[in-house]
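Have a look at entry_25.csv below; it lists CSV, C-alpha atoms.
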```
chain,number,residue,atom,x,y,z
A,18,MET,CA,100.2,107.1,143.6
A,19,LEU,CA,97.0,107.1,141.6
A,20,ARG,CA,97.8,110.5,140.3
A,21,HIS,CA,101.2,109.3,139.0
A,22,LEU,CA,99.6,106.3,137.4
A,23,VAL,CA,97.1,108.5,135.6
A,24,LEU,CA,99.9,110.8,134.5
A,25,PHE,CA,101.8,107.8,133.1
A,26,LEU,CA,98.8,106.6,131.1
A,27,VAL,CA,98.1,110.0,129.8
A,28,LEU,CA,101.7,110.4,128.7
A,29,CYS,CA,101.6,107.0,127.0
A,30,GLY,CA,98.4,108.0,125.1
A,31,PHE,CA,100.1,111.3,124.1
A,32,TRP,CA,103.1,109.4,122.7
A,33,ALA,CA,101.0,107.0,120.8
A,34,LEU,CA,98.9,109.8,119.3
A,35,LEU,CA,102.0,111.8,118.2
A,36,SER,CA,104.0,108.9,116.8
A,37,GLY,CA,101.1,106.9,115.4
A,38,GLN,CA,103.3,103.8,115.3
A,39,LEU,CA,101.3,101.1,117.0
A,40,ASP,CA,102.0,97.9,115.0
A,41,TRP,CA,103.5,95.5,117.5
A,42,SER,CA,104.5,93.0,114.7
A,43,GLU,CA,107.1,95.3,113.1
A,44,PRO,CA,110.5,95.6,114.9
A,45,GLY,CA,111.0,99.3,114.1
A,46,GLN,CA,107.6,100.2,115.6
A,47,ARG,CA,108.1,97.9,118.5
A,48,TYR,CA,111.4,99.8,119.3
A,49,LEU,CA,109.6,103.1,119.1
A,50,MET,CA,106.8,101.9,121.5
A,51,GLY,CA,109.4,100.7,123.9
A,52,CYS,CA,111.2,104.1,123.8
A,53,GLY,CA,107.8,105.7,124.5
A,54,VAL,CA,107.1,103.6,127.6
A,55,VAL,CA,110.6,104.2,128.9
A,56,SER,CA,110.4,108.0,128.5
A,57,CYS,CA,106.9,108.2,130.0
A,58,ALA,CA,108.1,106.2,133.0
A,59,LEU,CA,111.2,108.5,133.3
A,60,THR,CA,109.0,111.6,133.2
A,61,THR,CA,106.6,110.1,135.8
A,62,LEU,CA,109.6,109.3,138.0
A,63,LEU,CA,110.9,112.9,137.7
A,64,MET,CA,107.4,114.3,138.5
A,65,TRP,CA,107.4,112.1,141.6
A,66,ARG,CA,110.7,113.5,142.7
A,67,VAL,CA,109.6,117.0,142.1
A,68,GLY,CA,106.4,116.3,144.1
A,69,PHE,CA,104.4,118.7,141.9
A,70,LEU,CA,101.3,116.6,141.6
A,71,GLU,CA,100.6,116.3,145.3
A,72,LYS,CA,100.3,120.1,145.6
A,73,GLU,CA,97.6,120.4,143.0
A,74,GLY,CA,93.9,120.0,143.9
A,75,ASN,CA,91.9,117.1,142.7
A,76,PHE,CA,93.0,117.5,139.1
A,77,ILE,CA,91.6,114.1,137.9
A,78,MET,CA,88.1,115.3,138.9
A,79,ILE,CA,88.8,118.7,137.2
A,80,ALA,CA,89.9,116.9,134.0
A,81,LEU,CA,86.8,114.7,134.0
A,82,LYS,CA,84.5,117.7,134.5
A,83,GLN,CA,86.3,119.7,131.8
A,84,PRO,CA,84.3,118.9,128.6
A,85,PRO,CA,81.0,120.6,129.6
A,86,TYR,CA,83.0,123.6,130.9
A,87,LEU,CA,85.0,123.7,127.7
A,88,LEU,CA,81.8,123.7,125.6
A,89,TRP,CA,80.4,126.6,127.6
A,90,LEU,CA,83.7,128.4,127.4
A,91,LEU,CA,83.7,127.9,123.6
A,92,TRP,CA,80.3,129.6,123.3
A,93,GLN,CA,81.5,132.5,125.6
A,94,ILE,CA,84.6,132.8,123.4
A,95,ILE,CA,82.5,133.1,120.2
A,96,VAL,CA,80.2,135.7,121.8
A,97,SER,CA,83.0,137.8,123.2
A,98,ASN,CA,85.0,137.5,119.9
A,99,TRP,CA,82.0,138.8,118.0
A,100,ASP,CA,81.8,141.7,120.4
A,101,VAL,CA,85.5,142.6,120.1
A,102,ALA,CA,85.4,142.2,116.3
A,103,MET,CA,82.5,144.6,116.0
A,104,ARG,CA,84.4,147.2,118.1
A,105,VAL,CA,87.5,146.7,115.9
A,106,TRP,CA,85.6,147.4,112.7
A,107,LYS,CA,83.3,150.1,113.9
A,108,PRO,CA,84.4,153.6,112.7
A,109,GLY,CA,85.1,155.8,115.7
A,110,LEU,CA,86.6,154.0,118.6
A,111,ASP,CA,83.8,152.8,120.8
A,112,ILE,CA,85.8,151.7,123.8
A,113,ASP,CA,86.1,152.9,127.4
A,114,PRO,CA,88.7,150.7,129.1
A,115,SER,CA,89.1,150.5,132.8
A,116,ILE,CA,90.7,148.2,135.4
A,117,VAL,CA,88.6,146.4,138.0
A,118,LYS,CA,89.4,144.0,140.9
A,119,ALA,CA,87.9,140.6,140.7
A,120,PRO,CA,88.1,138.5,143.9
A,121,TYR,CA,88.2,134.8,143.8
A,122,LYS,CA,87.7,132.0,146.4
A,123,LEU,CA,89.3,129.0,144.6
A,124,LYS,CA,91.5,126.6,146.5
A,125,SER,CA,93.8,124.9,144.1
A,126,GLU,CA,96.3,126.7,141.9
A,127,LEU,CA,95.0,124.8,138.9
A,128,ALA,CA,91.5,126.2,139.3
A,129,VAL,CA,93.0,129.7,139.7
A,130,ALA,CA,94.9,129.2,136.5
A,131,ILE,CA,91.8,128.0,134.7
A,132,TYR,CA,89.8,131.0,135.9
A,133,ALA,CA,92.5,133.5,134.9
A,134,ASN,CA,92.8,132.0,131.5
A,135,SER,CA,89.0,132.0,131.0
A,136,ILE,CA,88.9,135.7,132.0
A,137,THR,CA,91.5,136.5,129.3
A,138,LEU,CA,89.7,134.4,126.7
A,139,THR,CA,86.2,135.8,127.3
A,140,PRO,CA,84.0,138.7,128.1
A,141,GLY,CA,86.1,141.7,126.8
A,142,THR,CA,88.5,141.3,129.7
A,143,VAL,CA,92.2,140.4,130.2
A,144,THR,CA,93.8,139.3,133.5
A,145,VAL,CA,96.5,141.8,134.3
A,146,ASP,CA,97.8,140.8,137.7
A,147,ILE,CA,97.2,138.2,140.4
A,148,ASN,CA,97.4,139.1,144.1
A,149,ALA,CA,97.6,135.7,145.8
A,150,GLU,CA,97.5,137.1,149.3
A,151,LYS,CA,94.4,139.2,148.9
A,152,LYS,CA,93.0,136.5,146.5
A,153,GLU,CA,92.0,138.9,143.7
A,154,PHE,CA,92.8,139.5,140.1
A,155,LEU,CA,93.3,142.8,138.4
A,156,VAL,CA,91.3,142.7,135.2
A,157,HIS,CA,91.5,145.1,132.3
A,158,GLN,CA,88.3,145.5,130.4
A,159,LEU,CA,87.4,147.2,127.1
A,160,THR,CA,84.0,148.4,128.1
A,161,PRO,CA,82.4,149.1,131.5
A,162,GLY,CA,80.1,146.3,132.6
A,163,GLY,CA,82.4,143.5,131.4
A,164,GLU,CA,82.9,142.4,134.9
A,165,GLY,CA,79.3,141.3,135.1
A,166,GLY,CA,80.2,138.1,133.2
A,167,LEU,CA,82.9,137.2,135.7
A,168,ALA,CA,80.8,136.0,138.7
A,169,PRO,CA,79.0,133.3,136.8
A,170,MET,CA,82.3,132.1,135.4
A,171,HIS,CA,83.8,132.0,138.9
A,172,ASP,CA,80.9,129.8,140.0
A,173,ARG,CA,81.5,127.4,137.1
A,174,VAL,CA,85.2,127.1,137.9
A,175,ALA,CA,84.4,126.6,141.6
A,176,LYS,CA,82.0,123.8,140.6
A,177,LEU,CA,84.8,122.2,138.5
A,178,GLU,CA,86.9,122.2,141.7
A,179,GLY,CA,84.1,120.7,143.7
A,180,GLY,CA,83.7,123.7,146.0
A,181,GLU,CA,80.5,125.6,146.9
A,182,PRO,CA,79.6,128.2,144.2
A,183,GLU,CA,79.5,131.6,145.8
A,184,THR,CA,78.6,134.8,144.0
A,185,LEU,CA,81.3,137.4,144.2
A,186,THR,CA,80.9,141.0,143.1
A,187,PRO,CA,83.9,142.7,141.5
A,188,LYS,CA,84.6,146.2,142.7
A,189,LYS,CA,86.2,149.2,141.0
A,190,ALA,CA,89.9,149.6,141.4
A,191,PRO,CA,90.6,153.1,142.9
A,192,GLU,CA,93.4,154.2,140.6
A,193,ALA,CA,95.2,151.7,138.4
A,194,GLY,CA,98.7,152.2,137.0
A,195,ALA,CA,101.9,153.2,138.6
B,26,MET,CA,76.9,115.1,101.4
B,27,GLN,CA,80.2,115.9,99.7
B,28,LEU,CA,78.9,119.4,98.8
B,29,PHE,CA,77.5,120.0,102.3
B,30,ARG,CA,80.8,119.1,103.9
B,31,GLU,CA,82.7,121.4,101.6
B,32,ILE,CA,80.3,124.3,102.3
B,33,VAL,CA,80.8,123.8,106.1
B,34,VAL,CA,84.6,123.6,105.6
B,35,TRP,CA,84.6,126.8,103.6
B,36,VAL,CA,82.4,128.7,106.0
B,37,LEU,CA,84.7,127.7,108.9
B,38,LEU,CA,87.9,128.7,106.9
B,39,MET,CA,86.4,132.1,105.9
B,40,ALA,CA,85.2,132.7,109.5
B,41,GLY,CA,88.7,131.9,110.8
B,42,ALA,CA,90.3,134.2,108.2
B,43,PHE,CA,87.9,137.0,109.2
B,44,PHE,CA,88.8,136.7,112.9
B,45,SER,CA,92.5,136.5,112.2
B,46,LEU,CA,92.3,139.6,110.0
B,47,THR,CA,90.2,141.3,112.7
B,48,ALA,CA,92.9,140.6,115.2
B,49,ALA,CA,95.5,142.3,113.0
B,50,VAL,CA,93.3,145.3,112.3
B,51,GLY,CA,92.5,145.6,116.0
B,52,VAL,CA,96.1,145.6,117.0
B,53,LEU,CA,96.6,148.5,114.6
B,54,ARG,CA,93.5,150.5,115.5
B,55,PHE,CA,93.3,150.3,119.3
B,56,PRO,CA,94.9,153.1,121.2
B,57,ASP,CA,97.3,151.6,123.7
B,58,PHE,CA,99.1,148.4,124.8
B,59,TYR,CA,96.4,147.0,127.0
B,60,THR,CA,93.6,147.5,124.6
B,61,ARG,CA,95.6,146.0,121.8
B,62,LEU,CA,96.0,142.8,123.7
B,63,HIS,CA,92.2,142.2,123.6
B,64,PRO,CA,92.0,141.5,119.8
B,65,ALA,CA,95.5,139.9,119.9
B,66,GLY,CA,94.6,137.5,122.7
B,67,LYS,CA,91.1,136.6,121.8
B,68,ASN,CA,90.4,136.9,118.1
B,69,ASP,CA,93.6,135.0,117.2
B,70,THR,CA,92.6,132.1,119.4
B,71,LEU,CA,89.2,131.9,117.8
B,72,GLY,CA,90.8,132.2,114.3
B,73,VAL,CA,93.1,129.2,114.9
B,74,LEU,CA,90.2,127.3,116.5
B,75,LEU,CA,88.0,127.7,113.4
B,76,PHE,CA,90.9,126.8,111.1
B,77,CYS,CA,91.5,123.7,113.1
B,78,SER,CA,87.8,122.7,113.1
B,79,ALA,CA,87.8,123.1,109.3
B,80,MET,CA,90.8,120.8,109.0
B,81,LEU,CA,89.2,118.4,111.5
B,82,ILE,CA,86.3,117.9,109.1
B,83,GLU,CA,88.6,117.5,106.2
B,84,CYS,CA,90.3,114.7,108.1
B,85,PHE,CA,87.3,112.4,107.7
B,86,ARG,CA,88.1,112.1,104.0
B,87,TYR,CA,91.1,109.9,104.8
B,88,PRO,CA,89.9,107.0,106.9
B,89,GLU,CA,93.2,105.2,106.9
B,90,TYR,CA,95.2,107.8,108.9
B,91,GLY,CA,92.8,110.7,109.4
B,92,TYR,CA,92.0,109.8,113.0
B,93,LEU,CA,95.7,110.4,114.0
B,94,VAL,CA,95.7,113.8,112.4
B,95,ALA,CA,92.3,114.6,113.9
B,96,GLY,CA,93.7,113.7,117.4
B,97,ARG,CA,96.7,115.9,116.9
B,98,LEU,CA,94.4,118.8,115.8
B,99,VAL,CA,92.3,118.4,118.9
B,100,LEU,CA,95.5,118.5,121.0
B,101,MET,CA,96.7,121.6,119.1
B,102,VAL,CA,93.4,123.4,119.9
B,103,LEU,CA,93.6,122.5,123.6
B,104,PHE,CA,97.2,123.7,123.8
B,105,MET,CA,96.3,126.9,122.0
B,106,LEU,CA,93.5,127.5,124.4
B,107,MET,CA,95.9,127.1,127.3
B,108,ALA,CA,99.0,128.9,125.9
B,109,SER,CA,97.5,132.0,124.2
B,110,PRO,CA,95.9,133.5,127.4
B,111,ILE,CA,99.0,132.7,129.4
B,112,ALA,CA,101.2,134.5,126.9
B,113,CYS,CA,98.8,137.4,126.8
B,114,HIS,CA,98.7,137.6,130.6
B,115,ALA,CA,102.5,137.4,130.9
B,116,ILE,CA,103.1,140.5,128.7
B,117,THR,CA,100.2,142.4,130.3
B,118,GLN,CA,101.6,141.8,133.7
B,119,ALA,CA,105.1,142.8,132.6
B,120,ALA,CA,103.7,146.1,131.3
B,121,TYR,CA,101.6,146.6,134.5
B,122,VAL,CA,104.5,145.9,136.9
B,123,ASP,CA,106.7,148.2,134.8
B,124,GLY,CA,104.1,151.0,135.5
B,125,LEU,CA,102.6,151.5,132.1
B,126,ARG,CA,99.4,153.5,132.6
B,127,PRO,CA,96.3,152.2,130.9
B,128,TRP,CA,94.6,154.4,128.3
B,129,LYS,CA,91.4,156.1,129.4
B,130,LYS,CA,88.6,157.4,127.2
B,131,GLY,CA,89.5,160.9,125.9
B,132,ASP,CA,93.3,160.4,126.1
B,133,PRO,CA,95.3,160.9,122.9
B,134,ARG,CA,96.5,157.8,121.1
B,135,ARG,CA,99.9,156.5,121.8
```
Rewrite the structure from the file as structure tokens, please.
Amino acid sequence: MLRHLVLFLVLCGFWALLSGQLDWSEPGQRYLMGCGVVSCALTTLLMWRVGFLEKEGNFIMIALKQPPYLLWLLWQIIVSNWDVAMRVWKPGLDIDPSIVKAPYKLKSELAVAIYANSITLTPGTVTVDINAEKKEFLVHQLTPGGEGGLAPMHDRVAKLEGGEPETLTPKKAPEAGA
Amino acid sequence: MQLFREIVVWVLLMAGAFFSLTAAVGVLRFPDFYTRLHPAGKNDTLGVLLFCSAMLIECFRYPEYGYLVAGRLVLMVLFMLMASPIACHAITQAAYVDGLRPWKKGDPRR
């Protein structure tokens, strides 16, 4: 119930930001605001029927804890971008790509998605495949040693979720590819 | 103050242009599909991020409606941060499931 209320308020804020018509005294803008409230309510009702929000973890907490994580992620993005950019411009290809397995112990699907996205955005690594049964990602990396940055990232996402941080060591995949 | 702001905006724009150009060059130079996704998925995101922060600073010159544009720019950056790695992951996974072998050091270019 609380989740749907939060969703409704977020949607209303989103509508207000995109339309920018917030003057109650003008009939045209009043009409638009009414339309906004109705469509936000309709969307919330549909989400209720689908029952999607109940399945997610504590996403309100995750959203509230986002800003520090985003700042940290931003710094990681800049660092890794600089690294990739240097490799792009260097004469003679200085890359040695490989595929590693990165296990994870996150509970909610949202946290798994955040972790997978963060891996793609940061340390010279791209998430290739997710094995939900074995709870591990296949990660493609440009240079050996890129997986060293994954364990601290996993801890941070686990903390976002409210779980215990636990250090996980990625292991080498035996032979990747078909 | 005006000069300082313009310098910051120009530095951000130039940095964004640099990273976007790097993404394009990287896609051309790297040897195979998987490695090409690294510059395409990362440098592009940072390029757009830097462009958007430059525009965000410019927004403060228009106090009447600038805050609305600023809010939209922040949303744009957030959606870029979510959508770009998902798209990147989707095509990588498609290639992997299809059985495309990753390039190893010493292999010929493809």
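Of the listed residues B:Ala112, B:Leu28, B:Ala40, B:His63, the one whose atoms come nearest to chain A is B:His63, with distances taken using all atoms listed in the file.
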Interface, chain B side, toward chain A (6 Å; all atoms listed in the file) as an NGL selection string: :B and (51 or 67-68 or 110 or 114 or 117-118 or 124 or 126 or 130)
field: One-decimal distance in Å that lies between atom CA of Ser45 of chain B and atom CA of Gly72 of chain B
entry: 5.1 Å
- prompt: Could you state the separation of atom CA of Pro64 of chain B and atom CA of Pro161 of chain A in Å, given to one decimal place?
  reply: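 Interatomic distance here is 16.9 Å.
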Residue contacts of segment 39-55 of chain A (12 Å, only C-alpha atoms) excluding same-chain residues fewer than 4 positions away, as JSON, numbers by chain: {"A": [25, 26, 27, 28, 29, 30, 31, 32, 33, 34, 35, 59, 60, 61, 62], "B": [93]}
query: Suppose you want the space between atom CA of Ala108 of chain B and atom CA of Lys107 of chain A; what is it in Å?
result: 29.0 Å
